[in-house]
>>> print(open('structure31.txt').read())   # compact mmCIF, C-alpha atoms and all ligand atoms
# COMPACT_ATOMS: atom_id res chain seq x y z
CA MET M 1378 80.63 133.86 73.76
CA SER M 1379 82.82 134.91 70.85
CA ASP M 1380 82.34 133.48 67.41
CA TYR M 1381 84.46 130.36 66.95
CA TYR M 1382 85.65 131.37 63.49
CA GLU M 1383 86.64 134.78 64.79
CA LEU M 1384 88.48 133.19 67.70
CA LEU M 1385 90.53 131.06 65.35
CA GLU M 1386 90.92 134.03 62.97
CA VAL M 1387 89.62 132.13 59.96
CA SER M 1388 86.67 132.56 57.59
CA SER M 1389 83.48 130.54 58.08
CA THR M 1390 84.39 128.54 54.99
CA ALA M 1391 87.86 127.55 56.23
CA SER M 1392 88.98 124.03 55.37
CA ALA M 1393 89.97 121.46 57.96
CA ASP M 1394 93.59 122.10 57.08
CA GLU M 1395 93.24 125.85 57.52
CA LEU M 1396 91.57 125.32 60.88
CA LYS M 1397 94.37 123.05 61.99
CA LYS M 1398 97.05 125.55 60.94
CA ALA M 1399 95.26 128.40 62.67
CA TYR M 1400 94.87 126.42 65.86
CA ARG M 1401 98.52 125.39 65.90
CA ARG M 1402 99.62 128.97 65.41
CA LEU M 1403 97.37 130.24 68.20
CA ALA M 1404 98.26 127.37 70.54
CA ARG M 1405 101.92 128.30 70.24
CA GLN M 1406 100.96 131.80 71.22
CA TYR M 1407 98.61 131.14 74.12
CA HIS M 1408 99.42 127.71 75.56
CA PRO M 1409 100.20 128.11 79.30
CA ASP M 1410 103.58 126.48 78.75
CA VAL M 1411 104.74 129.39 76.63
CA ASN M 1412 102.55 132.19 77.86
CA PRO M 1413 102.45 132.65 81.63
CA ALA M 1414 99.91 135.47 81.56
CA PRO M 1415 96.64 134.46 83.24
CA GLU M 1416 94.55 135.87 80.36
CA ALA M 1417 96.51 133.65 77.99
CA GLU M 1418 95.24 130.50 79.65
CA ALA M 1419 91.64 131.67 79.37
CA LYS M 1420 92.22 132.57 75.73
CA PHE M 1421 93.85 129.20 75.10
CA LYS M 1422 90.81 127.42 76.56
CA GLU M 1423 88.53 129.42 74.28
CA ILE M 1424 90.45 128.68 71.12
CA SER M 1425 90.73 125.03 72.14
CA ARG M 1426 86.97 124.80 72.61
CA ALA M 1427 86.47 126.47 69.25
CA TYR M 1428 88.85 124.10 67.49
CA GLU M 1429 87.38 121.08 69.26
CA THR M 1430 83.98 121.94 67.81
CA LEU M 1431 85.01 123.07 64.34
CA SER M 1432 87.44 120.21 63.69
CA ASP M 1433 84.58 117.72 64.04
CA PRO M 1434 82.43 117.95 60.87
CA GLU M 1435 79.23 116.97 62.67
CA ARG M 1436 79.70 119.40 65.51
CA ARG M 1437 80.78 122.10 63.08
CA ALA M 1438 77.54 121.65 61.10
CA ARG M 1439 75.53 121.89 64.31
CA TYR M 1440 77.46 124.99 65.33
CA ASP M 1441 76.85 126.60 61.94
CA ARG M 1442 73.09 126.09 62.34
CA PHE M 1443 72.50 126.57 66.05
CA GLY M 1444 75.55 128.35 67.42
CA PRO M 1445 77.76 127.21 70.27
CA GLU M 1446 76.79 124.17 72.28
CA ASP M 1447 75.43 124.72 75.74
CA ALA M 1448 78.50 124.60 77.95
CA GLY M 1449 76.68 122.54 80.56
CA ALA M 1450 75.35 120.06 78.06
CA ALA M 1451 78.69 119.70 76.33
CA GLY M 1452 80.47 119.06 79.59
CA PRO M 1453 83.80 120.49 80.60
CA SER M 1454 86.32 120.64 77.83
CA ASN M 1455 89.53 118.87 78.67
CA PHE M 1456 90.75 119.32 75.20
CA GLY M 1457 94.25 120.65 74.97
CA PHE M 1458 94.91 120.20 78.66
CA GLY M 1459 96.67 117.52 80.50
CA GLY M 1460 99.70 117.54 78.28
CA GLY M 1461 102.43 119.98 77.46
CA LEU M 1462 102.43 122.05 74.32
CA ASP M 1463 104.65 119.50 72.59
CA ASP M 1464 102.07 116.78 73.21
CA LEU M 1465 99.26 118.98 72.04
CA LEU M 1466 100.95 119.95 68.81
CA GLY M 1467 101.88 116.34 68.25
CA MET M 1468 98.21 115.42 68.58
CA VAL M 1469 97.06 118.14 66.21
CA MET M 1470 99.65 117.12 63.67
CA ASP M 1471 98.75 113.45 63.92
CA GLY M 1472 95.10 114.38 63.57
CA PHE M 1473 93.75 113.83 66.97
CA GLY M 1474 91.81 111.70 69.20
CA PHE M 1475 89.71 113.64 71.59
CA GLY M 1476 89.21 112.73 75.16
CA GLY M 1477 92.73 111.43 75.58
CA GLY M 1478 93.54 113.88 78.33
CA ARG M 1479 95.84 112.84 81.10
CA GLY M 1480 94.15 114.53 83.99
CA PRO M 1481 94.01 118.14 85.00
CA ARG M 1482 97.08 120.26 85.07
CA GLY M 1483 98.45 121.02 88.48
CA ARG M 1484 101.08 120.25 91.00
CA PRO M 1485 102.29 116.67 90.90
CA GLY M 1486 101.91 116.23 94.68
CA PRO M 1487 103.92 113.89 96.88
CA PRO M 1488 104.87 110.58 95.29
CA ARG M 1489 102.86 107.41 95.78
CA GLY M 1490 104.19 104.78 98.15
CA ALA M 1491 105.60 101.43 97.07
CA ASP M 1492 103.50 98.34 96.36
CA LEU M 1493 104.09 95.46 98.75
CA GLU M 1494 103.94 91.73 98.22
CA THR M 1495 103.39 88.87 100.59
CA VAL M 1496 102.60 85.16 100.45
CA VAL M 1497 99.74 83.53 102.35
CA ASP M 1498 99.40 79.79 102.86
CA LEU M 1499 95.95 78.27 102.64
CA ALA M 1500 94.58 74.87 103.53
CA PHE M 1501 93.03 72.98 100.63
CA GLU M 1502 89.55 73.30 102.16
CA ASP M 1503 89.92 77.09 102.30
CA THR M 1504 89.86 77.24 98.51
CA VAL M 1505 86.51 75.44 98.48
CA PHE M 1506 84.74 77.35 101.21
CA GLY M 1507 86.70 80.62 101.41
CA THR M 1508 88.14 82.00 104.63
CA GLU M 1509 89.46 85.12 106.27
CA LYS M 1510 93.17 85.41 107.03
CA ASP M 1511 95.16 87.98 108.95
CA VAL M 1512 97.91 89.27 106.70
CA THR M 1513 100.82 90.93 108.47
CA VAL M 1514 103.31 93.11 106.63
CA ARG M 1515 106.11 95.45 107.63
CA THR M 1516 105.21 98.65 105.89
CA ALA M 1517 105.66 102.40 105.85
CA VAL M 1518 102.80 104.11 107.68
CA THR M 1519 102.03 107.78 108.21
CA CYS M 1520 104.28 109.23 110.94
CA PRO M 1521 102.07 109.79 113.98
CA ASP M 1522 104.14 112.75 115.22
CA CYS M 1523 103.91 114.97 112.15
CA SER M 1524 100.84 113.32 110.53
CA GLY M 1525 102.90 112.78 107.40
CA SER M 1526 103.96 116.37 106.81
CA GLY M 1527 107.58 115.68 107.77
CA ALA M 1528 107.84 118.96 109.69
CA ALA M 1529 108.80 119.04 113.38
CA GLU M 1530 106.05 119.84 115.87
CA GLY M 1531 105.34 123.56 115.97
CA THR M 1532 106.99 124.22 112.60
CA THR M 1533 105.34 124.36 109.24
CA VAL M 1534 106.03 123.28 105.73
CA THR M 1535 106.97 126.14 103.45
CA THR M 1536 106.66 126.54 99.73
CA CYS M 1537 109.80 125.74 97.74
CA SER M 1538 111.39 128.95 96.50
CA ASP M 1539 112.98 127.36 93.43
CA CYS M 1540 109.76 126.18 91.86
CA GLY M 1541 107.26 128.31 93.75
CA GLY M 1542 105.46 125.19 94.96
CA ALA M 1543 104.86 123.83 91.48
CA GLY M 1544 107.28 120.96 91.97
CA GLN M 1545 108.51 121.60 88.45
CA VAL M 1546 110.94 124.03 86.96
CA ARG M 1547 110.47 125.42 83.46
CA ARG M 1548 113.22 125.97 80.98
CA VAL M 1549 112.83 127.95 77.80
CA ARG M 1550 114.47 126.67 74.66
CA GLN M 1551 114.33 127.41 70.98
CA SER M 1552 112.98 124.83 68.56
CA PHE M 1553 111.78 124.78 65.00
CA LEU M 1554 108.29 125.56 66.28
CA GLY M 1555 109.54 128.69 68.01
CA GLN M 1556 110.07 129.29 71.68
CA MET M 1557 109.37 126.14 73.67
CA VAL M 1558 109.28 125.48 77.37
CA THR M 1559 110.21 122.19 78.93
CA THR M 1560 109.29 121.30 82.48
CA ASN M 1561 111.42 119.15 84.76
CA PRO M 1562 110.94 117.97 88.34
CA CYS M 1563 112.37 120.48 90.81
CA GLY M 1564 115.58 119.17 92.29
CA ARG M 1565 115.54 121.30 95.41
CA CYS M 1566 112.26 120.03 96.86
CA GLY M 1567 112.22 116.63 95.17
CA ALA M 1568 109.20 117.71 93.06
CA SER M 1569 107.04 118.02 96.17
CA GLY M 1570 106.87 121.82 95.94
CA GLU M 1571 107.47 122.02 99.67
CA MET M 1572 110.45 122.66 101.91
CA ILE M 1573 110.83 121.54 105.50
CA ALA M 1574 112.92 123.87 107.67
CA SER M 1575 113.15 121.60 110.73
CA PRO M 1576 112.35 117.99 110.01
CA CYS M 1577 110.26 115.85 112.34
CA ASN M 1578 112.45 114.01 114.85
CA ARG M 1579 110.64 110.73 114.52
CA CYS M 1580 110.63 110.32 110.75
CA GLY M 1581 113.48 112.64 109.76
CA GLY M 1582 111.20 114.61 107.44
CA ASP M 1583 110.03 111.61 105.42
CA GLY M 1584 106.55 111.77 106.93
CA ARG M 1585 106.38 108.01 107.55
CA VAL M 1586 107.70 105.32 109.82
CA THR M 1587 108.06 101.56 109.42
CA GLU M 1588 105.66 99.41 111.38
CA GLU M 1589 104.02 96.02 111.33
CA ARG M 1590 100.44 96.11 110.20
CA THR M 1591 97.89 93.31 110.18
CA TYR M 1592 94.94 93.35 107.84
CA PRO M 1593 92.11 90.84 107.85
CA VAL M 1594 91.83 89.64 104.25
CA GLU M 1595 88.85 87.85 102.77
CA MET M 1596 90.01 84.83 100.77
CA PRO M 1597 87.14 84.13 98.39
CA ALA M 1598 86.17 80.56 97.62
CA GLY M 1599 87.61 79.32 94.36
CA VAL M 1600 91.09 80.78 94.66
CA ASP M 1601 94.04 78.56 93.85
CA SER M 1602 97.80 78.46 94.18
CA GLY M 1603 99.13 81.30 92.09
CA THR M 1604 96.08 83.51 92.63
CA THR M 1605 97.09 87.05 93.59
CA LEU M 1606 94.75 89.35 95.47
CA ARG M 1607 95.30 93.08 95.20
CA LEU M 1608 94.44 95.21 98.20
CA THR M 1609 94.23 98.76 96.99
CA GLY M 1610 95.86 101.30 99.30
CA ARG M 1611 97.29 98.65 101.67
CA GLY M 1612 100.86 99.15 100.45
CA ALA M 1613 103.42 101.57 101.85
CA VAL M 1614 102.31 105.18 102.17
CA GLY M 1615 104.24 107.70 100.10
CA PRO M 1616 106.68 110.18 101.65
CA ARG M 1617 105.22 113.38 103.10
CA GLY M 1618 101.62 112.32 102.98
CA GLY M 1619 101.80 110.71 99.55
CA PRO M 1620 99.11 108.15 98.70
CA ALA M 1621 99.66 104.50 99.63
CA GLY M 1622 100.61 101.81 97.13
CA ASP M 1623 98.83 98.49 96.89
CA LEU M 1624 99.39 95.19 98.68
CA TYR M 1625 99.63 92.08 96.53
CA VAL M 1626 98.83 88.85 98.34
CA HIS M 1627 100.06 85.73 96.54
CA LEU M 1628 98.27 82.55 97.59
CA ARG M 1629 99.87 79.15 98.10
CA VAL M 1630 97.50 76.26 98.63
CA ALA M 1631 98.53 73.08 100.45
CA ALA M 1632 98.01 69.78 98.67
CA HIS M 1633 95.18 67.50 99.82
CA PRO M 1634 95.98 63.92 100.86
CA TYR M 1635 93.80 62.43 98.13
CA LEU M 1636 91.82 65.14 96.34
CA VAL M 1637 93.35 66.69 93.24
CA ARG M 1638 91.95 69.90 91.80
CA GLN M 1639 91.40 70.07 88.06
CA GLY M 1640 89.97 73.49 87.22
CA ASP M 1641 86.84 73.73 89.34
CA ASP M 1642 86.48 69.96 89.64
CA LEU M 1643 87.88 67.76 92.38
CA HIS M 1644 89.24 64.38 91.44
CA HIS M 1645 89.66 61.36 93.69
CA ARG M 1646 90.98 57.93 92.76
CA LEU M 1647 89.20 55.71 95.26
CA PRO M 1648 90.30 52.12 95.85
CA ILE M 1649 87.48 49.57 96.14
CA SER M 1650 87.66 45.82 96.50
CA PHE M 1651 86.98 43.45 93.60
CA THR M 1652 84.03 41.97 95.49
CA GLN M 1653 82.49 45.44 95.86
CA ALA M 1654 83.03 46.00 92.16
CA ALA M 1655 81.63 42.62 91.22
CA LEU M 1656 78.68 42.49 93.60
CA GLY M 1657 77.98 46.24 93.92
CA ALA M 1658 78.11 48.27 97.12
CA THR M 1659 76.85 51.44 98.74
CA ILE M 1660 79.85 53.23 100.19
CA ALA M 1661 79.67 56.06 102.73
CA TYR M 1662 81.92 58.58 101.05
CA GLU M 1663 83.38 61.47 103.06
CA SER M 1664 83.29 64.52 100.79
CA LEU M 1665 84.47 67.98 101.87
CA ASP M 1666 80.80 68.86 102.34
CA GLY M 1667 80.11 65.81 104.51
CA GLU M 1668 79.09 62.22 103.94
CA VAL M 1669 77.49 61.25 100.64
CA GLU M 1670 76.39 57.87 99.31
CA LEU M 1671 78.51 56.38 96.57
CA VAL M 1672 76.48 53.68 94.92
CA VAL M 1673 78.74 51.26 93.06
CA PRO M 1674 76.60 49.03 90.83
CA ALA M 1675 77.39 45.35 90.46
CA GLY M 1676 79.88 44.75 87.69
CA THR M 1677 81.67 48.09 87.95
CA GLN M 1678 84.98 48.22 86.12
CA THR M 1679 88.11 49.90 87.37
CA GLY M 1680 88.37 53.46 86.05
CA THR M 1681 84.62 54.10 86.25
CA VAL M 1682 84.02 57.72 87.29
CA PHE M 1683 81.14 58.73 89.57
CA ARG M 1684 80.20 62.38 89.38
CA PHE M 1685 78.79 64.35 92.29
CA ARG M 1686 77.45 67.60 90.90
CA GLU M 1687 78.38 70.85 92.67
CA LEU M 1688 80.65 69.28 95.26
CA GLY M 1689 83.77 70.72 93.65
CA VAL M 1690 85.37 74.15 93.90
CA PRO M 1691 83.21 77.29 93.50
CA GLN M 1692 84.01 79.65 90.67
CA VAL M 1693 85.78 82.74 91.97
CA ARG M 1694 83.58 84.98 89.88
CA GLY M 1695 80.07 83.99 89.15
CA ARG M 1696 77.94 81.23 90.53
CA GLY M 1697 78.10 77.50 90.72
CA ARG M 1698 80.62 74.95 91.75
CA GLY M 1699 82.59 72.37 89.93
CA ASP M 1700 81.94 68.66 90.43
CA LEU M 1701 83.50 65.97 92.57
CA LEU M 1702 84.68 63.09 90.40
CA VAL M 1703 85.33 59.79 92.14
CA GLU M 1704 87.16 57.32 89.96
CA VAL M 1705 87.12 53.82 91.41
CA ALA M 1706 90.21 51.63 91.20
CA ILE M 1707 89.84 47.94 91.96
CA GLU M 1708 92.40 46.72 94.43
CA THR M 1709 93.71 43.21 94.28
CA PRO M 1710 93.86 41.58 97.77
CA THR M 1711 97.39 40.65 98.80
CA ASP M 1712 96.78 39.40 102.33
CA LEU M 1713 94.57 36.34 101.75
CA THR M 1714 94.06 33.93 104.60
CA GLU M 1715 94.13 30.24 103.88
CA GLU M 1716 90.32 30.10 103.92
CA GLN M 1717 89.98 33.09 101.58
CA GLU M 1718 92.51 31.56 99.20
CA GLU M 1719 90.58 28.32 99.19
CA LEU M 1720 87.36 30.17 98.33
CA LEU M 1721 89.06 32.04 95.52
CA ARG M 1722 90.51 28.85 94.09
CA ARG M 1723 87.04 27.32 94.17
CA PHE M 1724 85.69 30.48 92.50
CA ALA M 1725 88.34 30.29 89.76
CA ASP M 1726 87.58 26.62 89.31
CA LEU M 1727 83.86 27.33 88.88
CA ARG M 1728 84.62 29.91 86.24
CA GLY M 1729 87.12 27.70 84.51
CA GLU M 1730 89.89 30.22 84.99
CA GLN M 1731 93.50 29.08 84.89
CA VAL M 1732 95.35 30.16 88.08
CA ALA M 1733 98.81 29.37 89.50
CA GLU M 1734 99.26 26.25 91.57
CA PRO M 1735 99.29 26.82 95.34
CA GLU M 1736 102.78 27.28 96.76
CA LYS M 1737 103.45 24.50 99.24
CA GLY M 1738 105.96 24.01 102.02
CA PHE M 1739 108.03 26.06 104.40
CA LEU M 1740 109.53 28.48 101.81
CA ALA M 1741 106.13 29.61 100.51
CA ARG M 1742 104.84 30.23 103.99
CA LEU M 1743 107.99 32.16 104.85
CA ARG M 1744 107.60 34.29 101.71
CA SER M 1745 104.06 35.20 102.68
CA VAL M 1746 105.20 36.21 106.15
CA ILE M 1747 108.00 38.54 105.06
CA ARG M 1748 105.88 40.17 102.38
ZN ZN A 1 107.22 112.67 111.40
ZN ZN A 2 110.87 123.02 94.32
>>> encode(input="structure31.txt", output="structure tokens")
Amino acid sequence: MSDYYELLEVSSTASADELKKAYRRLARQYHPDVNPAPEAEAKFKEISRAYETLSDPERRARYDRFGPEDAGAAGPSNFGFGGGLDDLLGMVMDGFGFGGGRGPRGRPGPPRGADLETVVDLAFEDTVFGTEKDVTVRTAVTCPDCSGSGAAEGTTVTTCSDCGGAGQVRRVRQSFLGQMVTTNPCGRCGASGEMIASPCNRCGGDGRVTEERTYPVEMPAGVDSGTTLRLTGRGAVGPRGGPAGDLYVHLRVAAHPYLVRQGDDLHHRLPISFTQAALGATIAYESLDGEVELVVPAGTQTGTVFRFRELGVPQVRGRGRGDLLVEVAIETPTDLTEEQEELLRRFADLRGEQVAEPEKGFLARLRSVIR
């Protein structure tokens, strides 16, 4: 392992600024974008590793005392890679963040397929207990004849002669930093790096065909209208064996006849009679989880809320369920028989309450019939 200071062609007392200048000068000389020689890349890695260590005061101090870090312990150096020379110099000039690499250099590969979207309708109960639904989409799938290569049976895919399989073409230009190379996607092969002499009959060289696919999808309890599930890799496959996009499933939940969801709680406005409210009652209440006892104490007022813990909607992430809130609403009877009316008049009388006089005669009876 060469001495880091020697590699950067500076003295062991070089300042941070001198190190930076030296590295920039050497990067312009050895970066693979400007120097295609294979030794240049190795050299560039070495100077990058040296600069990575020496530009960090702590690591530089350690290096000065103990020498270079164990390569295994330090892990692979991604420094300086993953971007073009322009990016690298920009980073050095801005005074760098390490570890911001954008993946290894290499051929871009076939493009990723499109994301798909679909809507799934759920019953209200499904959001409380979860369910599994079959989701059917028309999507691009790998062509079964050519297995995605796009080449006709018996023929092969060849390397693009324009870009040599790189998928990118390089152009040299002059800039204030010296000779610079820009890379652009190859137009001839569509950046795939590959050429197909005789395309597959079935897919025309695209490597995929359109088909209907059905996926069983787990709908977790707690979802709601507007929830979107993402199914990674269930979208359209990319052309010529490219990776698949994702499938987004938007959920639409049907309304319940009387339950209203509020967050994780369920709300129900339950009508009860004024005698039940006044005298108290035990009501068999049909919750989504089955029958429960709703005990209405004597003297309950309209608007009183009874809470059943953990009979609401489960939380999508985490444990526990919301509550079921039953708000009682006292209903006034409108269909009194003559006997019932008599009893109520007697009741009002006993309480000294002023009530309307009874309607007498044919017209009143008629009104009560057509009501
Ligand atoms: Zn095909
Ligand atoms: Zn090409």
>>> atom_distance(input="structure31.txt", atom1="atom CA of M:Met1572", atom2="atom CA of M:Arg1515")
28.1 Å
>>> residues_around(input="structure31.txt", residues="M:Pro1434", least_positions_apart="5", cutoff="12 Å", atoms="all atoms listed in the file", output="tab-separated table (two decimals) with C-alpha atoms, keeping the file's coordinate frame")
chain	number	residue	atom	x	y	z
M	1391	ALA	CA	87.86	127.55	56.23
M	1392	SER	CA	88.98	124.03	55.37
M	1393	ALA	CA	89.97	121.46	57.96
M	1396	LEU	CA	91.57	125.32	60.88
M	1428	TYR	CA	88.85	124.10	67.49
M	1429	GLU	CA	87.38	121.08	69.26
M	1439	ARG	CA	75.53	121.89	64.31
M	1440	TYR	CA	77.46	124.99	65.33
M	1441	ASP	CA	76.85	126.60	61.94
>>> residues_near_ligand(input="structure31.txt", ligand="ligand ZN 1 (chain A)", cutoff="12 Å", atoms="all atoms listed in the file", output="JSON list (two decimals) with C-alpha atoms, keeping the file's coordinate frame")
[["chain", "number", "residue", "atom", "x", "y", "z"],
["M", 1517, "ALA", "CA", 105.66, 102.40, 105.85],
["M", 1518, "VAL", "CA", 102.80, 104.11, 107.68],
["M", 1519, "THR", "CA", 102.03, 107.78, 108.21],
["M", 1520, "CYS", "CA", 104.28, 109.23, 110.94],
["M", 1521, "PRO", "CA", 102.07, 109.79, 113.98],
["M", 1522, "ASP", "CA", 104.14, 112.75, 115.22],
["M", 1523, "CYS", "CA", 103.91, 114.97, 112.15],
["M", 1524, "SER", "CA", 100.84, 113.32, 110.53],
["M", 1525, "GLY", "CA", 102.90, 112.78, 107.40],
["M", 1526, "SER", "CA", 103.96, 116.37, 106.81],
["M", 1527, "GLY", "CA", 107.58, 115.68, 107.77],
["M", 1528, "ALA", "CA", 107.84, 118.96, 109.69],
["M", 1529, "ALA", "CA", 108.80, 119.04, 113.38],
["M", 1530, "GLU", "CA", 106.05, 119.84, 115.87],
["M", 1531, "GLY", "CA", 105.34, 123.56, 115.97],
["M", 1532, "THR", "CA", 106.99, 124.22, 112.60],
["M", 1573, "ILE", "CA", 110.83, 121.54, 105.50],
["M", 1575, "SER", "CA", 113.15, 121.60, 110.73],
["M", 1576, "PRO", "CA", 112.35, 117.99, 110.01],
["M", 1577, "CYS", "CA", 110.26, 115.85, 112.34],
["M", 1578, "ASN", "CA", 112.45, 114.01, 114.85],
["M", 1579, "ARG", "CA", 110.64, 110.73, 114.52],
["M", 1580, "CYS", "CA", 110.63, 110.32, 110.75],
["M", 1581, "GLY", "CA", 113.48, 112.64, 109.76],
["M", 1582, "GLY", "CA", 111.20, 114.61, 107.44],
["M", 1583, "ASP", "CA", 110.03, 111.61, 105.42],
["M", 1584, "GLY", "CA", 106.55, 111.77, 106.93],
["M", 1585, "ARG", "CA", 106.38, 108.01, 107.55],
["M", 1586, "VAL", "CA", 107.70, 105.32, 109.82],
["M", 1587, "THR", "CA", 108.06, 101.56, 109.42],
["M", 1616, "PRO", "CA", 106.68, 110.18, 101.65],
["M", 1617, "ARG", "CA", 105.22, 113.38, 103.10],
["M", 1618, "GLY", "CA", 101.62, 112.32, 102.98]]
>>> residues_near_ligand(input="structure31.txt", ligand="ligand ZN 2 (chain A)", cutoff="8 Å", atoms="only C-alpha atoms and all ligand atoms", output="JSON list (two decimals) with C-alpha atoms, keeping the file's coordinate frame")
[["chain", "number", "residue", "atom", "x", "y", "z"],
["M", 1536, "THR", "CA", 106.66, 126.54, 99.73],
["M", 1537, "CYS", "CA", 109.80, 125.74, 97.74],
["M", 1538, "SER", "CA", 111.39, 128.95, 96.50],
["M", 1539, "ASP", "CA", 112.98, 127.36, 93.43],
["M", 1540, "CYS", "CA", 109.76, 126.18, 91.86],
["M", 1541, "GLY", "CA", 107.26, 128.31, 93.75],
["M", 1542, "GLY", "CA", 105.46, 125.19, 94.96],
["M", 1543, "ALA", "CA", 104.86, 123.83, 91.48],
["M", 1544, "GLY", "CA", 107.28, 120.96, 91.97],
["M", 1545, "GLN", "CA", 108.51, 121.60, 88.45],
["M", 1546, "VAL", "CA", 110.94, 124.03, 86.96],
["M", 1562, "PRO", "CA", 110.94, 117.97, 88.34],
["M", 1563, "CYS", "CA", 112.37, 120.48, 90.81],
["M", 1564, "GLY", "CA", 115.58, 119.17, 92.29],
["M", 1565, "ARG", "CA", 115.54, 121.30, 95.41],
["M", 1566, "CYS", "CA", 112.26, 120.03, 96.86],
["M", 1567, "GLY", "CA", 112.22, 116.63, 95.17],
["M", 1568, "ALA", "CA", 109.20, 117.71, 93.06],
["M", 1569, "SER", "CA", 107.04, 118.02, 96.17],
["M", 1570, "GLY", "CA", 106.87, 121.82, 95.94],
["M", 1571, "GLU", "CA", 107.47, 122.02, 99.67],
["M", 1572, "MET", "CA", 110.45, 122.66, 101.91]]
>>> residues_near_point(input="structure31.txt", point="(88.9, 85.2, 96.1)", cutoff="10 Å", atoms="all atoms listed in the file", output="MDAnalysis selection string")
chainID M and resid 1504 1507:1508 1594:1601 1604:1606 1628 1692:1694
>>> atom_distance(input="structure31.txt", atom1="atom CA of M:Val1626", atom2="atom CA of M:Asp1503")
15.3 Å
>>> axis_aligned_box(input="structure31.txt", around="stretch 1703-1718 of chain M", padding_each_side="4 Å", output="JSON")
{"center_x": 91.4, "center_y": 44.9, "center_z": 97.3, "size_x": 20.1, "size_y": 37.7, "size_z": 22.6}
>>> residues_near_point(input="structure31.txt", point="(81.5, 77.1, 93.8)", cutoff="9 Å", atoms="only C-alpha atoms", output="count of residues only")
17
>>> atom_distance(input="structure31.txt", atom1="atom CA of M:Asp1498", atom2="atom CA of M:His1627")
8.7 Å
>>> residues_around(input="structure31.txt", residues="M:Leu1403", least_positions_apart="6", cutoff="12 Å", atoms="all atoms listed in the file", output="list in words")
Leu1384, Leu1385, Glu1386, Val1387, Leu1396, Lys1397, Pro1409, Val1411, Asn1412, Ala1417, Glu1418, Lys1420, Phe1421, Lys1422, Glu1423, Ile1424, Ser1425, Ala1427, Tyr1428, Leu1462 and Leu1466 of chain M
>>> closest_residue(input="structure31.txt", among="M:Tyr1592, M:Phe1685, M:Phe1501, M:Phe1724", to="M:Leu1636", atoms="all atoms listed in the file")
M:Phe1501
>>> residues_around(input="structure31.txt", residues="M:Ala1658", least_positions_apart="3", cutoff="12 Å", atoms="only C-alpha atoms", output="VMD selection string")
chain M and resid 1649 to 1655 1661 to 1662 1670 to 1677
